[in-house]
Amino acid sequence: QVQLQESGPGLVKPSQTLSLTCTVSGGSITASNYYWSWIRQPPGKGLEWMGAIAYEGTMYYSPSLKSRTSISRDTSKNQFSLQLSSVTPEDTAVYYCARVNTPDWGQGTQVTVSS
């Protein structure tokens, strides 16, 4: 069974860059035809898809966040990462990593943007 675990700072200052890593176990992020995504949920709001990285390394981004978002991977560690630049308090949310079109999600990590 594939398991995902998010990690990273829980508090980020405005204008800084939010960096999170998702560690995958039980399956390879390079396994054919799997895609790995980042999703967030601000308080009191719905889920927002942020972007994804494909098994072969292609990245996909939400148009609304594309200018501030970067997704990368470290295949040697079976991890993929999210960077969101120039954060504001509106970026406060629970951030999830997930394997696309499967029930395999991380438990989520709270990130608060505050000075």
# chains A, B, ... in the order shown; residues from 1 in each chain; ligands from 1
$ closest_atom_pairs --of "region 21-53 of chain A" --to "region 60-72 of chain A" --cutoff "12 Å" --atoms "only C-alpha atoms" --output "JSON lines"
{"residue": "A:Thr21", "atom": "CA", "partner": "A:Ser72", "partner_atom": "CA", "distance": 9.3}
{"residue": "A:Cys22", "atom": "CA", "partner": "A:Ser72", "partner_atom": "CA", "distance": 10.4}
{"residue": "A:Ile29", "atom": "CA", "partner": "A:Ser72", "partner_atom": "CA", "distance": 11.5}
{"residue": "A:Tyr35", "atom": "CA", "partner": "A:Tyr60", "partner_atom": "CA", "distance": 9.8}
{"residue": "A:Trp36", "atom": "CA", "partner": "A:Ile71", "partner_atom": "CA", "distance": 9.9}
{"residue": "A:Ser37", "atom": "CA", "partner": "A:Tyr60", "partner_atom": "CA", "distance": 8.9}
{"residue": "A:Trp38", "atom": "CA", "partner": "A:Ile71", "partner_atom": "CA", "distance": 8.7}
{"residue": "A:Ile39", "atom": "CA", "partner": "A:Ser62", "partner_atom": "CA", "distance": 10.2}
{"residue": "A:Arg40", "atom": "CA", "partner": "A:Leu65", "partner_atom": "CA", "distance": 11.8}
{"residue": "A:Glu48", "atom": "CA", "partner": "A:Ser62", "partner_atom": "CA", "distance": 9.0}
{"residue": "A:Trp49", "atom": "CA", "partner": "A:Ser62", "partner_atom": "CA", "distance": 6.8}
{"residue": "A:Met50", "atom": "CA", "partner": "A:Ser62", "partner_atom": "CA", "distance": 5.2}
{"residue": "A:Gly51", "atom": "CA", "partner": "A:Tyr61", "partner_atom": "CA", "distance": 4.1}
{"residue": "A:Ala52", "atom": "CA", "partner": "A:Tyr60", "partner_atom": "CA", "distance": 5.1}
{"residue": "A:Ile53", "atom": "CA", "partner": "A:Tyr60", "partner_atom": "CA", "distance": 6.2}
$ residues_around --residues "Tyr55 (chain A)" --least-positions-apart "4" --cutoff "12 Å" --atoms "only C-alpha atoms" --output "PyMOL selection string"
chain A and resi 27-37+59-60+72-75+78-80+99-100
$ write_last_selection --atoms "N, CA, C and O atoms" --output "tab-separated table (two decimals), in the first residue's frame"
chain	number	residue	atom	x	y	z
A	27	GLY	N	5.69	2.42	-2.88
A	27	GLY	CA	5.57	2.53	-4.33
A	27	GLY	C	6.50	3.60	-4.84
A	27	GLY	O	6.87	4.52	-4.10
A	28	SER	N	6.89	3.50	-6.08
A	28	SER	CA	7.85	4.44	-6.64
A	28	SER	C	7.15	5.60	-7.34
A	28	SER	O	6.16	5.40	-8.05
A	29	ILE	N	7.70	6.79	-7.16
A	29	ILE	CA	7.11	7.95	-7.83
A	29	ILE	C	7.40	7.93	-9.33
A	29	ILE	O	6.84	8.74	-10.08
A	30	THR	N	8.27	7.03	-9.76
A	30	THR	CA	8.54	6.89	-11.19
A	30	THR	C	7.78	5.75	-11.83
A	30	THR	O	7.96	5.46	-13.01
A	31	ALA	N	6.92	5.09	-11.05
A	31	ALA	CA	6.12	4.00	-11.61
A	31	ALA	C	5.23	4.54	-12.72
A	31	ALA	O	4.60	5.60	-12.59
A	32	SER	N	5.16	3.79	-13.80
A	32	SER	CA	4.47	4.28	-15.01
A	32	SER	C	3.03	4.71	-14.74
A	32	SER	O	2.29	4.03	-14.04
A	33	ASN	N	2.72	5.85	-15.37
A	33	ASN	CA	1.35	6.35	-15.44
A	33	ASN	C	0.79	6.83	-14.10
A	33	ASN	O	-0.42	7.03	-14.00
A	34	TYR	N	1.66	7.05	-13.12
A	34	TYR	CA	1.18	7.65	-11.89
A	34	TYR	C	1.59	9.12	-11.84
A	34	TYR	O	2.66	9.50	-12.30
A	35	TYR	N	0.69	9.91	-11.27
A	35	TYR	CA	0.91	11.34	-11.12
A	35	TYR	C	0.76	11.69	-9.64
A	35	TYR	O	-0.08	11.11	-8.93
A	36	TRP	N	1.54	12.66	-9.21
A	36	TRP	CA	1.63	13.00	-7.79
A	36	TRP	C	1.33	14.48	-7.62
A	36	TRP	O	1.96	15.31	-8.28
A	37	SER	N	0.40	14.78	-6.74
A	37	SER	CA	-0.11	16.14	-6.71
A	37	SER	C	0.01	16.78	-5.34
A	37	SER	O	0.20	16.11	-4.32
A	59	MET	N	5.80	18.52	-15.16
A	59	MET	CA	5.08	19.24	-14.11
A	59	MET	C	3.83	19.89	-14.68
A	59	MET	O	3.80	20.32	-15.83
A	60	TYR	N	2.82	19.99	-13.85
A	60	TYR	CA	1.56	20.63	-14.20
A	60	TYR	C	1.20	21.57	-13.07
A	60	TYR	O	1.36	21.22	-11.90
A	72	SER	N	9.02	19.81	-7.69
A	72	SER	CA	10.21	19.07	-8.10
A	72	SER	C	10.20	17.70	-7.45
A	72	SER	O	9.31	17.38	-6.66
A	73	ARG	N	11.20	16.89	-7.78
A	73	ARG	CA	11.25	15.56	-7.19
A	73	ARG	C	12.69	15.14	-6.97
A	73	ARG	O	13.62	15.64	-7.64
A	74	ASP	N	12.87	14.21	-6.05
A	74	ASP	CA	14.16	13.55	-5.81
A	74	ASP	C	13.89	12.06	-5.89
A	74	ASP	O	13.39	11.45	-4.93
A	75	THR	N	14.17	11.49	-7.03
A	75	THR	CA	13.84	10.08	-7.23
A	75	THR	C	14.69	9.17	-6.35
A	75	THR	O	14.23	8.08	-5.99
A	78	ASN	N	12.70	9.09	-3.32
A	78	ASN	CA	11.27	8.84	-3.56
A	78	ASN	C	10.41	9.94	-2.92
A	78	ASN	O	9.44	9.66	-2.20
A	79	GLN	N	10.82	11.17	-3.20
A	79	GLN	CA	10.13	12.33	-2.65
A	79	GLN	C	9.79	13.31	-3.77
A	79	GLN	O	10.48	13.37	-4.79
A	80	PHE	N	8.74	14.06	-3.55
A	80	PHE	CA	8.48	15.21	-4.41
A	80	PHE	C	8.14	16.40	-3.52
A	80	PHE	O	7.71	16.24	-2.38
A	99	ARG	N	-1.55	10.83	-4.45
A	99	ARG	CA	-1.36	10.17	-5.76
A	99	ARG	C	-2.67	10.35	-6.53
A	99	ARG	O	-3.74	9.96	-6.04
A	100	VAL	N	-2.56	10.92	-7.69
A	100	VAL	CA	-3.74	11.33	-8.46
A	100	VAL	C	-4.63	10.14	-8.79
A	100	VAL	O	-4.15	9.06	-9.14
$ select_by_dssp --residues "chain A" --states "strand (DSSP E or B)" --output "ChimeraX atom specification"
/A:3-7,11-12,18-25,35-41,48-54,59-61,69-74,79-84,93-99,105,109-113
$ closest_residue --among "A:Thr58, A:Pro42, A:Gln1, A:Ser115" --to "Tyr95 (chain A)" --atoms "only C-alpha atoms"
A:Pro42
$ atom_distance --atom1 "CA of Val111 (chain A)" --atom2 "CA of Glu56 (chain A)"
28.7 Å
$ residues_around --residues "Leu4 (chain A)" --least-positions-apart "5" --cutoff "10 Å" --atoms "only C-alpha atoms" --output "number ranges by chain"
A: 21-27, 79, 96-99, 104-108
